[in-house]
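input-v2.pdb follows (PDB, C-alpha atoms and all ligand atoms):
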```
ATOM      1  CA  MET A   1       2.302  -6.253  -6.818
ATOM      2  CA  GLU A   2       4.967  -7.546  -4.485
ATOM      3  CA  THR A   3       3.334  -7.582  -1.087
ATOM      4  CA  LEU A   4       2.974  -9.768   1.953
ATOM      5  CA  PRO A   5      -0.726 -10.389   2.670
ATOM      6  CA  ALA A   6      -2.283  -8.958   5.818
ATOM      7  CA  GLY A   7      -2.069 -11.684   8.448
ATOM      8  CA  ASP A   8       1.247 -13.120   7.224
ATOM      9  CA  PRO A   9       2.241 -15.417  10.118
ATOM     10  CA  ASP A  10       5.825 -14.128  10.342
ATOM     11  CA  THR A  11       5.063 -10.433  10.291
ATOM     12  CA  SER A  12       2.772  -8.352  12.435
ATOM     13  CA  ILE A  13       0.641  -6.159  10.151
ATOM     14  CA  GLY A  14      -2.091  -3.881  11.481
ATOM     15  CA  THR A  15      -4.571  -2.127   9.182
ATOM     16  CA  VAL A  16      -6.453   1.143   9.579
ATOM     17  CA  ASP A  17      -9.616   1.707   7.573
ATOM     18  CA  GLY A  18     -10.447   4.845   5.607
ATOM     19  CA  ARG A  19     -12.690   6.336   8.271
ATOM     20  CA  SER A  20     -10.706   5.568  11.436
ATOM     21  CA  ASP A  21     -10.098   9.177  12.398
ATOM     22  CA  VAL A  22      -9.211   8.365  16.003
ATOM     23  CA  LYS A  23      -6.682   5.656  15.090
ATOM     24  CA  ARG A  24      -5.154   7.837  12.383
ATOM     25  CA  ALA A  25      -4.792  10.795  14.733
ATOM     26  CA  ALA A  26      -3.143   8.560  17.363
ATOM     27  CA  LEU A  27      -0.673   7.191  14.778
ATOM     28  CA  LYS A  28       0.057  10.694  13.530
ATOM     29  CA  LYS A  29       0.887  11.739  17.093
ATOM     30  CA  ASN A  30       3.157   8.699  17.556
ATOM     31  CA  VAL A  31       5.090   9.598  14.392
ATOM     32  CA  GLU A  32       5.367  13.244  15.470
ATOM     33  CA  ASP A  33       6.688  12.155  18.876
ATOM     34  CA  THR A  34       9.375  10.021  17.178
ATOM     35  CA  ASN A  35      10.361  12.977  14.925
ATOM     36  CA  GLN A  36      12.515  10.676  12.783
ATOM     37  CA  ASP A  37      15.482  11.838  10.701
ATOM     38  CA  GLY A  38      15.538  12.058   6.907
ATOM     39  CA  LEU A  39      12.640  12.739   4.533
ATOM     40  CA  TYR A  40      10.187  13.025   7.415
ATOM     41  CA  GLN A  41      11.783  16.378   8.294
ATOM     42  CA  GLN A  42      10.656  17.795   4.917
ATOM     43  CA  LEU A  43       7.065  16.599   5.270
ATOM     44  CA  GLY A  44       5.733  19.865   6.725
ATOM     45  CA  SER A  45       1.954  19.757   6.999
ATOM     46  CA  GLN A  46       1.585  16.952   4.407
ATOM     47  CA  SER A  47       0.764  14.410   7.048
ATOM     48  CA  PHE A  48      -1.924  11.774   6.652
ATOM     49  CA  GLU A  49      -5.493  12.927   6.326
ATOM     50  CA  THR A  50      -7.840  12.271   9.219
ATOM     51  CA  VAL A  51     -11.045  13.558   7.603
ATOM     52  CA  PHE A  52     -12.996  11.321   5.231
ATOM     53  CA  ASN A  53     -14.869  13.140   2.473
ATOM     54  CA  VAL A  54     -16.720  10.998  -0.060
ATOM     55  CA  LYS A  55     -17.457  13.920  -2.404
ATOM     56  CA  ASN A  56     -13.885  14.311  -3.628
ATOM     57  CA  THR A  57     -11.217  11.881  -4.811
ATOM     58  CA  MET A  58      -9.077  10.711  -1.932
ATOM     59  CA  CYS A  59      -5.358   9.993  -2.319
ATOM     60  CA  ASN A  60      -4.883   6.316  -3.287
ATOM     61  CA  PHE A  61      -1.241   5.955  -2.280
ATOM     62  CA  PRO A  62      -0.570   3.357   0.409
ATOM     63  CA  VAL A  63       1.153   4.459   3.616
ATOM     64  CA  THR A  64       3.213   2.230   5.914
ATOM     65  CA  LEU A  65       4.247   2.971   9.479
ATOM     66  CA  VAL A  66       6.462   0.771  11.591
ATOM     67  CA  THR A  67       6.722   0.657  15.382
ATOM     68  CA  TYR A  68       9.767  -0.799  17.124
ATOM     69  CA  GLU A  69      10.005  -1.749  20.744
ATOM     70  CA  GLY A  70      13.078  -3.257  22.432
ATOM     71  CA  LYS A  71      13.405  -5.922  25.108
ATOM     72  CA  ILE A  72      16.987  -6.505  26.240
ATOM     73  CA  LYS A  73      17.384  -9.938  27.830
ATOM     74  CA  LYS A  74      18.750 -10.377  31.363
ATOM     75  CA  LYS A  75      22.541 -10.602  31.225
ATOM     76  CA  GLY A  76      24.540 -11.528  34.352
ATOM     77  CA  SER A  77      23.627  -9.079  37.095
ATOM     78  CA  GLU A  78      21.870  -6.728  34.643
ATOM     79  CA  PRO A  79      18.091  -7.216  34.707
ATOM     80  CA  GLU A  80      15.831  -7.420  31.651
ATOM     81  CA  LYS A  81      15.168  -3.947  30.198
ATOM     82  CA  ASN A  82      12.302  -2.613  28.134
ATOM     83  CA  VAL A  83      13.109   0.066  25.559
ATOM     84  CA  PRO A  84      10.156   2.420  24.858
ATOM     85  CA  PRO A  85       8.432   2.147  21.436
ATOM     86  CA  LEU A  86       8.997   4.577  18.552
ATOM     87  CA  THR A  87       6.845   4.829  15.411
ATOM     88  CA  TYR A  88       8.388   5.676  12.048
ATOM     89  CA  MET A  89       6.835   6.599   8.743
ATOM     90  CA  VAL A  90       8.396   4.447   5.998
ATOM     91  CA  PHE A  91       9.764   6.490   3.079
ATOM     92  CA  GLU A  92      12.537   5.123   0.795
ATOM     93  CA  PRO A  93      11.451   1.437   0.457
ATOM     94  CA  GLN A  94       7.789   2.502   0.128
ATOM     95  CA  ILE A  95       8.691   5.080  -2.555
ATOM     96  CA  GLU A  96      10.559   2.378  -4.494
ATOM     97  CA  TRP A  97       7.402   0.209  -4.401
ATOM     98  CA  ASN A  98       5.101   3.130  -5.332
ATOM     99  CA  LYS A  99       7.153   3.913  -8.454
ATOM    100  CA  LYS A 100       7.254   0.272  -9.518
ATOM    101  CA  TRP A 101       3.623  -0.760  -9.043
ATOM    102  CA  LEU A 102       1.291   2.256  -9.058
ATOM    103  CA  THR A 103      -0.229   3.933 -12.096
ATOM    104  CA  PHE A 104      -2.015   7.242 -12.629
ATOM    105  CA  ASN A 105      -5.213   8.351 -14.274
ATOM    106  CA  PHE A 106      -7.383  11.473 -14.397
ATOM    107  CA  VAL A 107     -10.119  12.143 -11.837
ATOM    108  CA  GLU A 108     -12.510  11.842 -14.821
ATOM    109  CA  PRO A 109     -10.788   9.103 -16.851
ATOM    110  CA  GLU A 110     -13.279   8.931 -19.744
ATOM    111  CA  LYS A 111     -12.969  12.657 -20.460
ATOM    112  CA  ARG A 112      -9.265  12.742 -19.481
ATOM    113  CA  LYS A 113     -10.236  15.669 -17.270
ATOM    114  CA  GLY A 114      -9.411  16.758 -13.750
ATOM    115  CA  ALA A 115      -6.269  16.219 -11.706
ATOM    116  CA  LYS A 116      -3.853  13.370 -12.404
ATOM    117  CA  VAL A 117      -4.120  11.058  -9.419
ATOM    118  CA  ALA A 118      -2.773   7.642  -8.426
ATOM    119  CA  SER A 119      -5.251   5.148  -9.989
ATOM    120  CA  MET A 120      -8.308   3.908  -8.110
ATOM    121  CA  PRO A 121      -7.720   0.708  -6.060
ATOM    122  CA  ASP A 122     -10.143  -1.322  -8.222
ATOM    123  CA  THR A 123      -7.883  -0.897 -11.278
ATOM    124  CA  TYR A 124      -5.021  -2.951  -9.781
ATOM    125  CA  THR A 125      -4.514  -6.714  -9.712
ATOM    126  CA  ASN A 126      -4.572  -6.491  -5.921
ATOM    127  CA  THR A 127      -7.476  -4.162  -5.139
ATOM    128  CA  GLU A 128      -6.577  -4.093  -1.444
ATOM    129  CA  TYR A 129      -2.879  -3.307  -1.866
ATOM    130  CA  TYR A 130      -3.143  -0.664   0.887
ATOM    131  CA  TYR A 131      -3.932  -3.427   3.408
ATOM    132  CA  CYS A 132      -0.816  -5.356   2.385
ATOM    133  CA  LEU A 133       2.827  -4.798   3.259
ATOM    134  CA  PRO A 134       5.180  -4.063   0.326
ATOM    135  CA  LYS A 135       7.981  -6.643   0.239
ATOM    136  CA  SER A 136      10.555  -3.868  -0.237
ATOM    137  CA  VAL A 137       9.349  -2.423   3.109
ATOM    138  CA  ALA A 138       9.300  -5.795   4.874
ATOM    139  CA  ARG A 139      12.913  -6.495   3.789
ATOM    140  CA  SER A 140      14.285  -3.069   4.739
ATOM    141  CA  VAL A 141      16.379  -2.699   7.906
ATOM    142  CA  GLN A 142      16.569   1.100   7.618
ATOM    143  CA  TYR A 143      14.165   1.955  10.458
ATOM    144  CA  ARG A 144      15.270  -0.992  12.603
ATOM    145  CA  ASN A 145      18.807   0.453  12.521
ATOM    146  CA  MET A 146      17.501   3.974  13.127
ATOM    147  CA  TYR A 147      15.736   2.773  16.289
ATOM    148  CA  VAL A 148      18.886   1.060  17.617
ATOM    149  CA  ASP A 149      21.011   4.160  16.832
ATOM    150  CA  THR A 150      18.557   6.476  18.597
ATOM    151  CA  ASN A 151      18.555   4.325  21.726
ATOM    152  CA  LYS A 152      22.179   3.198  21.962
ATOM    153  CA  ALA A 153      23.270   6.124  24.172
ATOM    154  CA  THR A 154      20.803   5.043  26.885
ATOM    155  CA  TYR A 155      20.635   1.283  26.192
ATOM    156  CA  LYS A 156      24.135   0.287  25.125
ATOM    157  CA  ASN A 157      23.379  -3.453  24.959
ATOM    158  CA  LEU A 158      20.458  -3.019  22.552
ATOM    159  CA  THR A 159      20.884  -4.847  19.230
ATOM    160  CA  SER A 160      18.546  -5.161  16.240
ATOM    161  CA  ASP A 161      17.795  -8.754  17.374
ATOM    162  CA  ASP A 162      16.052  -7.481  20.532
ATOM    163  CA  LEU A 163      13.254  -5.685  18.671
ATOM    164  CA  LYS A 164       9.540  -6.322  18.254
ATOM    165  CA  GLU A 165       8.348  -5.021  14.870
ATOM    166  CA  GLN A 166       4.755  -3.981  14.169
ATOM    167  CA  PHE A 167       3.713  -2.587  10.776
ATOM    168  CA  THR A 168       0.583  -0.514  10.196
ATOM    169  CA  VAL A 169      -0.754  -0.055   6.663
ATOM    170  CA  PHE A 170      -3.535   2.174   5.337
ATOM    171  CA  LYS A 171      -4.672   4.212   2.351
ATOM    172  CA  CYS A 172      -3.507   7.832   2.562
ATOM    173  CA  ASN A 173      -6.955   9.411   1.868
ATOM    174  CA  TRP A 174      -5.653  12.963   1.556
ATOM    175  CA  GLU A 175      -8.419  14.941  -0.124
ATOM    176  CA  VAL A 176      -7.398  15.926  -3.664
ATOM    177  CA  ALA A 177      -8.227  19.607  -4.244
ATOM    178  CA  ASP A 178      -6.098  20.819  -7.157
ATOM    179  CA  GLN A 179      -3.097  19.489  -9.059
ATOM    180  CA  CYS A 180      -0.439  21.804  -7.565
ATOM    181  CA  ASP A 181      -1.497  21.103  -4.008
ATOM    182  CA  TYR A 182      -1.784  17.372  -4.674
ATOM    183  CA  ASN A 183       1.598  17.177  -6.433
ATOM    184  CA  GLU A 184       3.257  18.866  -3.463
ATOM    185  CA  HIS A 185       1.550  16.373  -1.155
ATOM    186  CA  CYS A 186       2.626  13.387  -3.289
ATOM    187  CA  ARG A 187       6.222  14.566  -3.705
ATOM    188  CA  LYS A 188       6.736  14.944   0.055
ATOM    189  CA  MET A 189       4.543  12.164   1.391
ATOM    190  CA  HIS A 190       4.838   9.471  -1.335
ATOM    191  CA  GLY A 191       8.118  10.410  -3.088
ATOM    192  CA  VAL A 192       6.628  10.667  -6.601
ATOM    193  CA  ILE A 193       3.982  12.799  -8.341
ATOM    194  CA  PRO A 194       1.139  10.966 -10.131
ATOM    195  CA  GLY A 195       2.161  12.312 -13.577
ATOM    196  CA  ASP A 196       5.518  10.537 -13.219
ATOM    197  CA  LEU A 197       3.888   7.125 -12.670
ATOM    198  CA  ARG A 198       2.956   4.875 -15.597
ATOM    199  CA  MET A 199      -0.417   5.726 -17.086
ATOM    200  CA  GLU A 200      -3.207   3.256 -16.344
ATOM    201  CA  THR A 201      -3.990   1.167 -19.437
ATOM    202  CA  ASN A 202      -7.478   0.203 -20.485
ATOM    203  CA  ILE A 203      -8.456  -3.320 -21.520
ATOM    204  CA  SER A 204      -9.281  -3.462 -25.242
ATOM    205  CA  VAL A 205     -12.296  -5.542 -26.258
ATOM    206  CA  ASP A 206     -11.943  -8.137 -29.033
ATOM    207  CA  PRO A 207     -14.580 -10.925 -29.268
ATOM    208  CA  LYS A 208     -12.434 -12.876 -31.783
ATOM    209  CA  ILE A 209      -9.793 -13.802 -29.157
ATOM    210  CA  PRO A 210     -10.346 -17.452 -28.088
ATOM    211  CA  PHE A 211     -11.336 -17.806 -24.458
ATOM    212  CA  LYS A 212      -8.602 -19.917 -22.825
ATOM    213  CA  LEU A 213      -7.543 -19.450 -19.239
ATOM    214  CA  ASN A 214      -4.095 -19.902 -17.722
ATOM    215  CA  ASN A 215      -3.665 -22.946 -15.530
ATOM    216  CA  ALA A 216      -4.331 -22.184 -11.870
ATOM    217  CA  MET A 217      -3.701 -25.672 -10.475
ATOM    218  CA  THR A 218      -0.583 -24.465  -8.659
ATOM    219  CA  ILE A 219      -2.587 -21.738  -6.911
ATOM    220  CA  VAL A 220      -2.223 -23.199  -3.390
ATOM    221  CA  GLN A 221       1.584 -22.987  -3.595
ATOM    222  CA  LEU A 222       1.549 -19.374  -4.707
ATOM    223  CA  GLY A 223       1.491 -16.187  -2.647
ATOM    224  CA  ASN A 224      -1.361 -13.738  -2.458
ATOM    225  CA  GLY A 225       0.126 -11.467  -5.169
ATOM    226  CA  ASP A 226       0.261 -14.378  -7.617
ATOM    227  CA  HIS A 227      -3.348 -15.301  -6.839
ATOM    228  CA  TRP A 228      -4.399 -11.820  -7.843
ATOM    229  CA  ALA A 229      -2.251 -11.984 -10.988
ATOM    230  CA  ILE A 230      -3.969 -15.225 -12.107
ATOM    231  CA  LEU A 231      -7.455 -13.958 -11.296
ATOM    232  CA  ASN A 232      -6.766 -10.677 -13.047
ATOM    233  CA  ASN A 233      -5.495 -12.547 -16.110
ATOM    234  CA  TRP A 234      -8.770 -14.524 -16.154
ATOM    235  CA  PHE A 235     -10.768 -11.321 -15.732
ATOM    236  CA  THR A 236      -8.880  -9.568 -18.556
ATOM    237  CA  LYS A 237      -9.387 -12.475 -20.939
ATOM    238  CA  ALA A 238     -13.037 -12.833 -20.012
ATOM    239  CA  VAL A 239     -13.611  -9.149 -20.725
ATOM    240  CA  ALA A 240     -11.573  -9.225 -23.961
ATOM    241  CA  CYS A 241     -13.704 -12.145 -25.245
ATOM    242  CA  GLU A 242     -16.914 -10.480 -24.089
ATOM    243  CA  VAL A 243     -17.693 -13.392 -21.780
ATOM    244  CA  ILE A 244     -18.207 -10.983 -18.938
ATOM    245  CA  SER A 245     -19.014  -7.301 -19.108
ATOM    246  CA  LYS A 246     -16.274  -4.770 -18.396
ATOM    247  CA  SER A 247     -16.870  -2.711 -15.339
ATOM    248  CA  ILE A 248     -14.753  -0.289 -13.336
ATOM    249  CA  LYS A 249     -15.431  -2.475 -10.313
ATOM    250  CA  LYS A 250     -14.723  -6.179 -10.765
ATOM    251  CA  ALA A 251     -17.414  -6.968  -8.203
ATOM    252  CA  ALA A 252     -20.021  -5.363 -10.496
ATOM    253  CA  THR A 253     -19.029  -7.540 -13.461
ATOM    254  CA  ASP A 254     -21.626  -9.947 -14.849
ATOM    255  CA  VAL A 255     -21.609 -12.960 -17.166
ATOM    256  CA  ILE A 256     -22.916 -12.167 -20.658
ATOM    257  CA  GLU A 257     -25.850 -14.609 -21.141
ATOM    258  CA  ASP A 258     -25.315 -15.883 -24.698
ATOM    259  CA  ARG A 259     -21.646 -16.789 -24.036
ATOM    260  CA  LYS A 260     -22.230 -18.574 -20.757
ATOM    261  CA  GLN A 261     -22.681 -22.053 -22.301
ATOM    262  CA  GLU A 262     -19.330 -21.945 -24.139
ATOM    263  CA  THR A 263     -17.361 -21.537 -20.945
ATOM    264  CA  ALA A 264     -19.424 -23.714 -18.640
TER     265      ALA A 264
HETATM  266 ZN    ZN B 301      -1.440  10.852  -0.140
END
```

Output the file's structure as structure tokens, nothing else.
Amino acid sequence: METLPAGDPDTSIGTVDGRSDVKRAALKKNVEDTNQDGLYQQLGSQSFETVFNVKNTMCNFPVTLVTYEGKIKKKGSEPEKNVPPLTYMVFEPQIEWNKKWLTFNFVEPEKRKGAKVASMPDTYTNTEYYYCLPKSVARSVQYRNMYVDTNKATYKNLTSDDLKEQFTVFKCNWEVADQCDYNEHCRKMHGVIPGDLRMETNISVDPKIPFKLNNAMTIVQLGNGDHWAILNNWFTKAVACEVISKSIKKAATDVIEDRKQETA
């Protein structure tokens, strides 16, 4: 999963947890105030959920917002000027990432029953992808340019170099009720319906596969996404060889006693 980790020194990334109703409502208001052009205008009421309900499946798509603020430097007799902030919801580059990296499964995967939803976070190599910034979003200048265009009538000296950029990432958490309603939500809010994503694949178990792990000695030079890829490769192999038990949650995995000596 191509992401920048939260806390990347060059990029300001804020996170919002699943239950932060107040923060979510404030961000929602900021986006409404900006009233950005493009796909946002078709969003209707499919905005981000601000109610957390543990009984139902919550939408697992990641959401990224970006806030720009301008500071035009003093030039000759013209004093320094501050340009007010605007908050945008990121669509196109986020949609590109969603289609590339996310998978779908059923609400009841074993029975293949219930609505098709974006897979649970614990099934990905990076289980906290919704606290990371997609690289396609970080590289995009779409909303940077939109901010400059919006403000150029009032602040004619404003350029895209004068901007402060702050990303906010969180998990959507829309409550999944039925497939039609959820598909409409996903199409407008995330640019793709779950059924059009790749299906999540299950790890097959074969104790005859020799247990040999990929080299991780280069791990310090690699990015966060690569760390997860290596660890997930180890996890997959350990499960396939029955060294550790398969579990939906990696944190709940345990070493199988009679194979512990072989790998020690
Ligand atoms: Zn959603």

Next on the checklist: Taking only C-alpha atoms and all ligand atoms into account, which residues have an atom no farther than 6 Å from ligand ZN 301 (chain B)? I'd like them as a list in words.
Outcome noted: Cys59, Phe61, Cys172, Trp174 and Cys186 of chain A

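The list of residues within 12 Å of (16.5, -8.6, 19.6), counted using only C-alpha atoms, is Tyr68, Glu69, Gly70, Lys71, Ile72, Lys73, Lys81, Asn82, Val83, Arg144, Asn145, Tyr147, Val148, Asn157, Leu158, Thr159, Ser160, Asp161, Asp162, Leu163, Lys164 and Glu165 of chain A.
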
Next on the checklist: On this structure, the PyMOL selection byres (((chain A and resi 119) around 12) and not hetatm) would catch which residues? List them as a ChimeraX atom specification, sorted by chain and number.
Outcome noted: /A:57-62,98,101-109,115-118,120-125,127,129,194-195,197-202,248

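Taking CA of Asn151 (chain A) and CA of Gly14 (chain A) as the two end points, the separation is 24.5 Å.
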
Next on the checklist: As an exercise, work out the distance from CA of His190 (chain A) to CA of Gln36 (chain A) in Å and give it to one decimal place.
Outcome noted: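 Computed distance, CA of His190 (chain A) to CA of Gln36 (chain A), equals 16.1 Å.
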
Checklist entry - Could you pull the residues within 9 Å of Leu133 (chain A), counting only C-alpha atoms, minus those fewer than 2 positions along the same chain, as a ChimeraX atom specification? => result /A:2-6,13,64,129-131,135-138,167-169

Item to check | Separation of CA of Glu175 (chain A) from CA of Val90 (chain A) in Å | outcome: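 Taking CA of Val90 (chain A) as the start and CA of Glu175 (chain A) as the end point, the length is 20.7 Å.
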
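Nearest residue to Lys29 (chain A) among A:Val192, A:Leu86, A:Val63, A:Met1 is A:Leu86, counting all atoms listed in the file.
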
Report as a PDB file with C-alpha atoms, in the frame of the given file the full result of the PyMOL selection byres (((chain A and resi 32) around 12) and not hetatm) when it is applied to this structure.
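This went into selection02.pdb:
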```pdb
ATOM      1  CA  ALA A  25      -4.792  10.795  14.733  1.00  0.00           C
ATOM      2  CA  ALA A  26      -3.143   8.560  17.363  1.00  0.00           C
ATOM      3  CA  LEU A  27      -0.673   7.191  14.778  1.00  0.00           C
ATOM      4  CA  LYS A  28       0.057  10.694  13.530  1.00  0.00           C
ATOM      5  CA  LYS A  29       0.887  11.739  17.093  1.00  0.00           C
ATOM      6  CA  ASN A  30       3.157   8.699  17.556  1.00  0.00           C
ATOM      7  CA  VAL A  31       5.090   9.598  14.392  1.00  0.00           C
ATOM      8  CA  ASP A  33       6.688  12.155  18.876  1.00  0.00           C
ATOM      9  CA  THR A  34       9.375  10.021  17.178  1.00  0.00           C
ATOM     10  CA  ASN A  35      10.361  12.977  14.925  1.00  0.00           C
ATOM     11  CA  GLN A  36      12.515  10.676  12.783  1.00  0.00           C
ATOM     12  CA  ASP A  37      15.482  11.838  10.701  1.00  0.00           C
ATOM     13  CA  TYR A  40      10.187  13.025   7.415  1.00  0.00           C
ATOM     14  CA  GLN A  41      11.783  16.378   8.294  1.00  0.00           C
ATOM     15  CA  LEU A  43       7.065  16.599   5.270  1.00  0.00           C
ATOM     16  CA  GLY A  44       5.733  19.865   6.725  1.00  0.00           C
ATOM     17  CA  SER A  45       1.954  19.757   6.999  1.00  0.00           C
ATOM     18  CA  SER A  47       0.764  14.410   7.048  1.00  0.00           C
ATOM     19  CA  PHE A  48      -1.924  11.774   6.652  1.00  0.00           C
ATOM     20  CA  LEU A  65       4.247   2.971   9.479  1.00  0.00           C
ATOM     21  CA  LEU A  86       8.997   4.577  18.552  1.00  0.00           C
ATOM     22  CA  THR A  87       6.845   4.829  15.411  1.00  0.00           C
ATOM     23  CA  TYR A  88       8.388   5.676  12.048  1.00  0.00           C
ATOM     24  CA  MET A  89       6.835   6.599   8.743  1.00  0.00           C
TER      25      MET A  89
END
```

Checklist entry - Which of these residues is nearest to Val141 (chain A), using only C-alpha atoms: A:Glu92, A:Glu184, A:Asp178, A:Glu128? => result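 Looking at the shortest contact to Val141 (chain A), the residue is A:Glu92.
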
Item to check | Among listed residues A:Thr11, A:Asp196, A:Leu39, A:Arg24, nearest Phe170 (chain A) (using only C-alpha atoms) | outcome: A:Arg24
